[in-house]
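Q: Right, I'll just put the structure down here and ask away after.
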Amino acid sequence: MDRDERVFDDRTPGVEEHEPSASYLSYTVGLGLAIAATIASFVVSQTDLLWPPGIAVGLVVLAFAQIGVHLVFFLHLGSGSDNTNNILALAFGVLIVFLVIVGSIWISASLHANMMDMPMTAPH
Amino acid sequence: MTLATTEFVPAEVARGRGGGGPAPTRIVVAYGFWIFLLSDFVLFSGLFAAYAVLADQTAGGPSGAQLFHLRNVFIETLCLLFSSYTCGIGALAAERRRVDHFYLSAVFTILLGAAFLFIEVSEFAGMVSAGAGPSRSAFLSAFFTLVGTHGAHVTVGLLWFVYMIAQVWVKGLRAHVLRRLLCFSLFWHALDIVWIGVLTLVYLMGAR
(Lines give C-alpha, C1' and ligand atoms only; values in the text may rest on other atoms or scores of the structure.)
Protein backbone atom coordinates (compact mmCIF):
# COMPACT_ATOMS: atom_id res chain seq x y z
CA MET A 1 0.00 0.00 0.00
CA ASP A 2 1.18 3.47 -0.85
CA ARG A 3 2.37 5.36 2.21
CA ASP A 4 -0.07 8.18 1.45
CA GLU A 5 -3.02 5.86 1.69
CA ARG A 6 -2.27 4.69 5.22
CA VAL A 7 -4.39 5.88 8.10
CA PHE A 8 -3.34 9.48 8.65
CA ASP A 9 -1.39 10.05 11.82
CA ASP A 10 -1.88 13.79 11.75
CA ARG A 11 -4.35 16.43 10.66
CA THR A 12 -3.95 19.19 8.18
CA PRO A 13 -6.25 21.88 6.83
CA GLY A 14 -8.76 20.36 4.46
CA VAL A 15 -8.33 16.78 5.63
CA GLU A 16 -11.48 15.54 7.24
CA GLU A 17 -12.20 12.91 9.84
CA HIS A 18 -12.64 9.32 8.85
CA GLU A 19 -16.44 8.98 8.98
CA PRO A 20 -17.72 9.74 5.44
CA SER A 21 -21.21 10.87 6.44
CA ALA A 22 -19.81 13.22 9.10
CA SER A 23 -17.76 15.17 6.55
CA TYR A 24 -20.62 15.58 4.06
CA LEU A 25 -22.69 16.74 7.03
CA SER A 26 -19.89 19.12 8.06
CA TYR A 27 -19.90 20.83 4.65
CA THR A 28 -23.68 21.10 4.62
CA VAL A 29 -23.85 22.51 8.15
CA GLY A 30 -21.05 24.93 7.23
CA LEU A 31 -22.90 26.06 4.10
CA GLY A 32 -26.09 26.65 6.10
CA LEU A 33 -24.30 28.67 8.77
CA ALA A 34 -22.36 30.68 6.16
CA ILE A 35 -25.56 31.55 4.26
CA ALA A 36 -27.26 32.52 7.54
CA ALA A 37 -24.33 34.80 8.44
CA THR A 38 -24.35 36.36 4.94
CA ILE A 39 -28.08 37.09 5.07
CA ALA A 40 -27.70 38.49 8.60
CA SER A 41 -24.92 40.80 7.34
CA PHE A 42 -27.09 42.14 4.52
CA VAL A 43 -30.08 42.62 6.86
CA VAL A 44 -27.96 44.42 9.45
CA SER A 45 -26.41 46.72 6.84
CA GLN A 46 -29.68 47.56 5.06
CA THR A 47 -32.06 48.04 7.99
CA ASP A 48 -32.01 49.85 11.32
CA LEU A 49 -32.38 46.60 13.21
CA LEU A 50 -29.19 47.42 15.12
CA TRP A 51 -28.52 50.73 16.83
CA PRO A 52 -27.18 52.68 13.78
CA PRO A 53 -23.75 53.70 15.22
CA GLY A 54 -23.19 50.03 16.13
CA ILE A 55 -23.84 48.66 12.64
CA ALA A 56 -20.16 48.65 11.63
CA VAL A 57 -19.27 46.69 14.77
CA GLY A 58 -22.13 44.28 14.11
CA LEU A 59 -20.92 43.70 10.54
CA VAL A 60 -17.36 43.03 11.72
CA VAL A 61 -18.61 40.56 14.35
CA LEU A 62 -20.71 38.73 11.72
CA ALA A 63 -17.73 38.66 9.34
CA PHE A 64 -15.47 37.10 12.00
CA ALA A 65 -18.21 34.59 12.85
CA GLN A 66 -18.48 33.59 9.18
CA ILE A 67 -14.70 33.32 8.83
CA GLY A 68 -14.75 31.02 11.85
CA VAL A 69 -17.46 28.89 10.21
CA HIS A 70 -15.37 28.61 7.04
CA LEU A 71 -12.22 27.66 8.96
CA VAL A 72 -13.95 24.97 11.02
CA PHE A 73 -16.41 23.44 8.54
CA PHE A 74 -14.64 23.94 5.17
CA LEU A 75 -10.95 23.97 6.09
CA HIS A 76 -11.47 21.52 8.99
CA LEU A 77 -9.37 23.44 11.48
CA GLY A 78 -10.31 22.21 14.92
CA SER A 79 -9.04 22.74 18.43
CA GLY A 80 -7.72 19.19 18.85
CA SER A 81 -4.14 18.56 19.92
CA ASP A 82 -3.38 17.08 16.47
CA ASN A 83 -4.09 20.45 14.86
CA THR A 84 -1.47 22.42 16.81
CA ASN A 85 0.83 23.19 13.86
CA ASN A 86 -2.00 24.52 11.69
CA ILE A 87 -3.46 26.64 14.48
CA LEU A 88 -0.04 28.08 15.36
CA ALA A 89 0.59 29.03 11.72
CA LEU A 90 -2.89 30.57 11.53
CA ALA A 91 -2.28 32.52 14.75
CA PHE A 92 0.92 33.97 13.29
CA GLY A 93 -0.89 34.87 10.05
CA VAL A 94 -3.69 36.57 11.99
CA LEU A 95 -1.10 38.52 13.99
CA ILE A 96 0.57 39.86 10.82
CA VAL A 97 -2.77 40.67 9.15
CA PHE A 98 -3.91 42.48 12.31
CA LEU A 99 -0.67 44.47 12.57
CA VAL A 100 -0.77 45.55 8.90
CA ILE A 101 -4.45 46.57 8.85
CA VAL A 102 -4.80 48.14 12.30
CA GLY A 103 -1.34 49.72 12.14
CA SER A 104 -2.00 51.30 8.73
CA ILE A 105 -5.38 52.68 9.75
CA TRP A 106 -4.00 53.98 13.05
CA ILE A 107 -0.98 55.72 11.49
CA SER A 108 -3.00 57.20 8.61
CA ALA A 109 -5.76 58.44 10.92
CA SER A 110 -3.12 60.09 13.09
CA LEU A 111 -1.49 61.74 10.05
CA HIS A 112 -4.90 62.85 8.79
CA ALA A 113 -5.75 64.41 12.16
CA ASN A 114 -2.46 66.31 12.18
CA MET A 115 -3.06 67.61 8.65
CA MET A 116 -6.46 69.12 9.42
CA ASP A 117 -5.13 72.58 10.33
CA MET A 118 -3.33 72.98 7.01
CA PRO A 119 -5.14 74.82 4.19
CA MET A 120 -6.41 72.36 1.59
CA THR A 121 -5.12 74.40 -1.36
CA ALA A 122 -1.91 76.37 -1.76
CA PRO A 123 -2.34 80.15 -1.26
CA HIS A 124 -2.34 82.16 -4.46
CA MET B 1 18.89 3.11 30.88
CA THR B 2 17.20 3.72 27.54
CA LEU B 3 17.61 6.58 25.14
CA ALA B 4 14.28 8.28 24.42
CA THR B 5 15.21 8.81 20.77
CA THR B 6 15.47 5.09 20.07
CA GLU B 7 12.02 4.26 21.40
CA PHE B 8 9.49 3.12 18.84
CA VAL B 9 6.54 5.48 18.60
CA PRO B 10 3.46 3.92 16.96
CA ALA B 11 1.73 5.92 14.26
CA GLU B 12 -1.40 6.31 16.42
CA VAL B 13 0.42 8.56 18.90
CA ALA B 14 2.44 10.57 16.39
CA ARG B 15 1.10 14.11 16.47
CA GLY B 16 3.25 16.21 14.18
CA ARG B 17 5.76 17.38 16.74
CA GLY B 18 8.57 15.02 15.86
CA GLY B 19 7.18 11.90 17.52
CA GLY B 20 6.67 8.94 15.20
CA GLY B 21 8.96 10.09 12.42
CA PRO B 22 8.15 12.20 9.39
CA ALA B 23 4.50 12.87 8.55
CA PRO B 24 2.96 11.44 5.36
CA THR B 25 3.60 13.41 2.16
CA ARG B 26 -0.01 14.53 2.06
CA ILE B 27 0.24 16.20 5.48
CA VAL B 28 3.50 17.95 4.58
CA VAL B 29 2.15 19.18 1.23
CA ALA B 30 -1.08 20.54 2.70
CA TYR B 31 0.76 22.18 5.60
CA GLY B 32 3.13 23.91 3.17
CA PHE B 33 0.21 25.06 1.08
CA TRP B 34 -1.49 26.35 4.23
CA ILE B 35 1.59 28.49 4.91
CA PHE B 36 1.33 29.85 1.34
CA LEU B 37 -2.35 30.68 1.87
CA LEU B 38 -1.53 32.55 5.06
CA SER B 39 1.06 34.59 3.12
CA ASP B 40 -1.68 35.32 0.57
CA PHE B 41 -3.83 36.63 3.41
CA VAL B 42 -0.95 38.93 4.35
CA LEU B 43 -0.88 40.21 0.73
CA PHE B 44 -4.61 40.95 0.95
CA SER B 45 -4.20 42.60 4.36
CA GLY B 46 -2.08 45.31 2.69
CA LEU B 47 -4.79 45.91 0.08
CA PHE B 48 -7.50 45.95 2.76
CA ALA B 49 -5.49 48.48 4.76
CA ALA B 50 -5.05 50.68 1.67
CA TYR B 51 -8.77 50.52 0.92
CA ALA B 52 -9.76 51.29 4.51
CA VAL B 53 -7.51 54.36 4.50
CA LEU B 54 -8.60 55.64 1.06
CA ALA B 55 -12.30 54.72 1.09
CA ASP B 56 -13.45 58.30 1.79
CA GLN B 57 -11.08 60.01 -0.68
CA THR B 58 -13.47 60.22 -3.62
CA ALA B 59 -11.95 63.45 -5.08
CA GLY B 60 -15.42 64.72 -5.96
CA GLY B 61 -16.20 61.51 -7.86
CA PRO B 62 -18.86 58.91 -7.11
CA SER B 63 -18.87 57.18 -3.73
CA GLY B 64 -19.50 53.52 -2.95
CA ALA B 65 -23.11 54.20 -2.02
CA GLN B 66 -23.73 55.54 -5.56
CA LEU B 67 -21.85 52.76 -7.37
CA PHE B 68 -22.60 49.48 -5.58
CA HIS B 69 -25.62 47.32 -6.35
CA LEU B 70 -26.11 45.09 -3.32
CA ARG B 71 -28.45 42.72 -5.15
CA ASN B 72 -25.61 41.75 -7.52
CA VAL B 73 -23.19 41.50 -4.60
CA PHE B 74 -25.58 39.14 -2.80
CA ILE B 75 -25.77 36.90 -5.89
CA GLU B 76 -21.96 36.99 -6.18
CA THR B 77 -21.62 35.94 -2.54
CA LEU B 78 -24.03 33.03 -2.96
CA CYS B 79 -22.19 31.92 -6.13
CA LEU B 80 -18.90 31.78 -4.23
CA LEU B 81 -20.43 30.05 -1.19
CA PHE B 82 -22.09 27.32 -3.24
CA SER B 83 -18.97 26.98 -5.39
CA SER B 84 -16.95 26.37 -2.22
CA TYR B 85 -19.53 23.82 -1.10
CA THR B 86 -19.52 21.86 -4.37
CA CYS B 87 -15.72 22.02 -4.41
CA GLY B 88 -15.59 20.45 -0.93
CA ILE B 89 -18.12 17.79 -1.92
CA GLY B 90 -16.06 17.08 -5.05
CA ALA B 91 -12.89 16.68 -2.98
CA LEU B 92 -14.70 14.19 -0.71
CA ALA B 93 -15.95 12.26 -3.76
CA ALA B 94 -12.41 12.16 -5.19
CA GLU B 95 -11.02 10.80 -1.92
CA ARG B 96 -13.64 8.04 -2.04
CA ARG B 97 -12.67 7.33 -5.69
CA ARG B 98 -16.15 8.21 -6.98
CA VAL B 99 -14.93 9.84 -10.14
CA ASP B 100 -18.37 10.54 -11.65
CA HIS B 101 -19.47 12.42 -8.52
CA PHE B 102 -16.22 14.34 -8.70
CA TYR B 103 -16.85 15.45 -12.31
CA LEU B 104 -20.41 16.50 -11.47
CA SER B 105 -19.26 18.63 -8.50
CA ALA B 106 -16.44 20.05 -10.62
CA VAL B 107 -18.88 21.24 -13.29
CA PHE B 108 -20.97 23.05 -10.65
CA THR B 109 -17.85 24.53 -9.04
CA ILE B 110 -16.65 25.95 -12.36
CA LEU B 111 -20.07 27.23 -13.45
CA LEU B 112 -20.64 29.02 -10.12
CA GLY B 113 -17.11 30.47 -10.12
CA ALA B 114 -17.58 31.65 -13.73
CA ALA B 115 -20.95 33.22 -12.80
CA PHE B 116 -19.21 35.13 -9.99
CA LEU B 117 -16.53 36.37 -12.39
CA PHE B 118 -19.11 37.34 -15.02
CA ILE B 119 -21.03 39.50 -12.52
CA GLU B 120 -17.81 41.07 -11.26
CA VAL B 121 -16.47 41.86 -14.74
CA SER B 122 -19.78 43.38 -15.83
CA GLU B 123 -19.80 45.49 -12.65
CA PHE B 124 -16.26 46.70 -13.43
CA ALA B 125 -17.14 47.39 -17.08
CA GLY B 126 -20.24 49.35 -16.05
CA MET B 127 -18.23 51.46 -13.62
CA VAL B 128 -15.45 52.19 -16.13
CA SER B 129 -17.92 53.17 -18.86
CA ALA B 130 -19.71 55.47 -16.37
CA GLY B 131 -16.46 57.36 -15.81
CA ALA B 132 -15.74 55.66 -12.47
CA GLY B 133 -12.60 53.79 -13.51
CA PRO B 134 -9.54 53.20 -11.32
CA SER B 135 -7.99 56.55 -12.32
CA ARG B 136 -11.00 58.62 -11.11
CA SER B 137 -10.14 58.82 -7.40
CA ALA B 138 -8.00 57.24 -4.68
CA PHE B 139 -11.11 55.42 -3.47
CA LEU B 140 -11.65 53.83 -6.90
CA SER B 141 -7.94 52.97 -7.30
CA ALA B 142 -8.04 51.11 -3.98
CA PHE B 143 -11.39 49.50 -4.86
CA PHE B 144 -10.22 48.14 -8.22
CA THR B 145 -6.93 46.93 -6.74
CA LEU B 146 -8.52 45.06 -3.84
CA VAL B 147 -11.55 43.60 -5.62
CA GLY B 148 -9.56 43.05 -8.84
CA THR B 149 -6.85 41.10 -7.00
CA HIS B 150 -9.51 38.85 -5.52
CA GLY B 151 -11.06 38.45 -8.98
CA ALA B 152 -7.64 37.60 -10.43
CA HIS B 153 -7.27 34.89 -7.77
CA VAL B 154 -10.67 33.47 -8.74
CA THR B 155 -9.64 33.50 -12.43
CA VAL B 156 -6.39 31.69 -11.68
CA GLY B 157 -8.32 29.25 -9.47
CA LEU B 158 -10.73 28.42 -12.30
CA LEU B 159 -7.87 27.83 -14.76
CA TRP B 160 -6.09 25.68 -12.15
CA PHE B 161 -9.26 23.63 -11.57
CA VAL B 162 -9.77 23.01 -15.31
CA TYR B 163 -6.15 21.81 -15.40
CA MET B 164 -6.81 19.56 -12.37
CA ILE B 165 -9.89 18.03 -14.03
CA ALA B 166 -7.73 17.27 -17.06
CA GLN B 167 -5.21 15.57 -14.74
CA VAL B 168 -7.95 13.46 -13.16
CA TRP B 169 -9.17 12.59 -16.67
CA VAL B 170 -5.72 11.53 -17.90
CA LYS B 171 -4.03 10.13 -14.79
CA GLY B 172 -6.98 9.04 -12.65
CA LEU B 173 -7.28 9.65 -8.92
CA ARG B 174 -3.70 8.80 -7.98
CA ALA B 175 -2.20 9.87 -4.67
CA HIS B 176 -0.32 12.85 -6.11
CA VAL B 177 -3.37 14.02 -8.08
CA LEU B 178 -5.42 13.84 -4.87
CA ARG B 179 -2.78 15.95 -3.09
CA ARG B 180 -3.03 18.60 -5.81
CA LEU B 181 -6.83 18.53 -5.56
CA LEU B 182 -6.54 19.02 -1.79
CA CYS B 183 -4.36 22.10 -2.37
CA PHE B 184 -6.86 23.47 -4.89
CA SER B 185 -9.80 23.04 -2.54
CA LEU B 186 -7.84 24.80 0.24
CA PHE B 187 -7.16 27.67 -2.21
CA TRP B 188 -10.82 27.88 -3.22
CA HIS B 189 -12.03 27.93 0.41
CA ALA B 190 -9.41 30.58 1.28
CA LEU B 191 -10.72 32.85 -1.51
CA ASP B 192 -14.13 32.66 0.15
CA ILE B 193 -12.62 33.89 3.40
CA VAL B 194 -11.05 36.86 1.57
CA TRP B 195 -14.41 37.57 -0.08
CA ILE B 196 -16.11 37.81 3.36
CA GLY B 197 -13.68 40.65 4.13
CA VAL B 198 -14.36 42.34 0.76
CA LEU B 199 -18.12 41.98 1.19
CA THR B 200 -18.10 43.44 4.69
CA LEU B 201 -15.55 46.24 4.33
CA VAL B 202 -16.15 47.32 0.72
CA TYR B 203 -19.77 46.61 -0.12
CA LEU B 204 -21.84 46.44 3.07
CA MET B 205 -20.04 49.28 4.87
CA GLY B 206 -19.55 51.28 1.64
CA ALA B 207 -23.16 51.07 0.43
CA ARG B 208 -24.62 52.61 3.59
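Identifiers in the C-alpha coordinates: chain A, B, ... in order shown; residue index from 1 per chain; ligand index from 1 in order shown.
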Could you build a table of the residues in chain B lying no more than 7 Å from chain A, giving for each the nearest pair of atoms and their separation in Å rounded to one decimal place, using only C-alpha atoms, ordered by chain and ascending residue number, as CSV?

A:
residue,atom,partner,partner_atom,distance
B:Ala11,CA,A:Asp9,CA,5.7
B:Glu12,CA,A:Asp9,CA,5.9
B:Ala14,CA,A:Asp9,CA,6.0
B:Arg15,CA,A:Asp82,CA,5.4
B:Gly16,CA,A:Asp10,CA,6.2
B:Pro24,CA,A:Asp4,CA,5.9
B:Thr25,CA,A:Asp4,CA,6.4
B:Arg26,CA,A:Asp4,CA,6.4
B:Ile27,CA,A:Thr12,CA,5.8
B:Ala30,CA,A:Thr12,CA,6.3
B:Tyr31,CA,A:Thr12,CA,6.1
B:Ile35,CA,A:Ala89,CA,6.9
B:Leu38,CA,A:Gly93,CA,5.5
B:Val42,CA,A:Val97,CA,5.4
B:Ser45,CA,A:Val97,CA,5.4
B:Gly46,CA,A:Val100,CA,6.4
B:Phe48,CA,A:Ile101,CA,6.8
B:Ala49,CA,A:Ile101,CA,4.6
B:Ala52,CA,A:Ile105,CA,7.0
B:Val53,CA,A:Ile105,CA,5.9
B:Tyr85,CA,A:Tyr27,CA,6.5
B:Ile89,CA,A:Tyr24,CA,6.8
B:Ala175,CA,A:Asp4,CA,6.7
B:Leu182,CA,A:Gly14,CA,6.8
B:Leu186,CA,A:Gly14,CA,6.2
B:His189,CA,A:Phe74,CA,6.7
B:Ile193,CA,A:Ile67,CA,5.8
B:Ile196,CA,A:Ala63,CA,6.3
B:Gly197,CA,A:Ala63,CA,6.9
B:Thr200,CA,A:Leu59,CA,6.5
B:Leu204,CA,A:Ser45,CA,5.9
B:Met205,CA,A:Ala56,CA,6.8
B:Arg208,CA,A:Ser45,CA,7.0

Q: Write out as number ranges by chain the residues lying within 9 Å of segment 54-64 of chain B, counting only C-alpha atoms and excluding same-chain residues fewer than 6 positions away.

A: B: 131-132, 136-143, 202-203, 205-208

Q: Between atom CA of Gly151 of chain B and atom CA of Ile87 of chain A, what is the distance in Å, rounded to a tenth?

A: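 Separation of atom CA of Gly151 of chain B and atom CA of Ile87 of chain A: 27.3 Å.
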
Q: Quick one: of B:Leu111, B:Pro134, B:Ala106, B:Cys79, who's nearest to Leu92 of chain B, counting only C-alpha atoms?

A: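 Nearest to Leu92 of chain B: B:Ala106.
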
Q: I need the residue nearest Thr155 of chain B from this list: B:Val168, B:Val107, B:Leu191, B:Leu201. Use only C-alpha atoms for the distance.

A: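 When distances to Thr155 of chain B are compared using only C-alpha atoms, the smallest one comes from B:Leu191.
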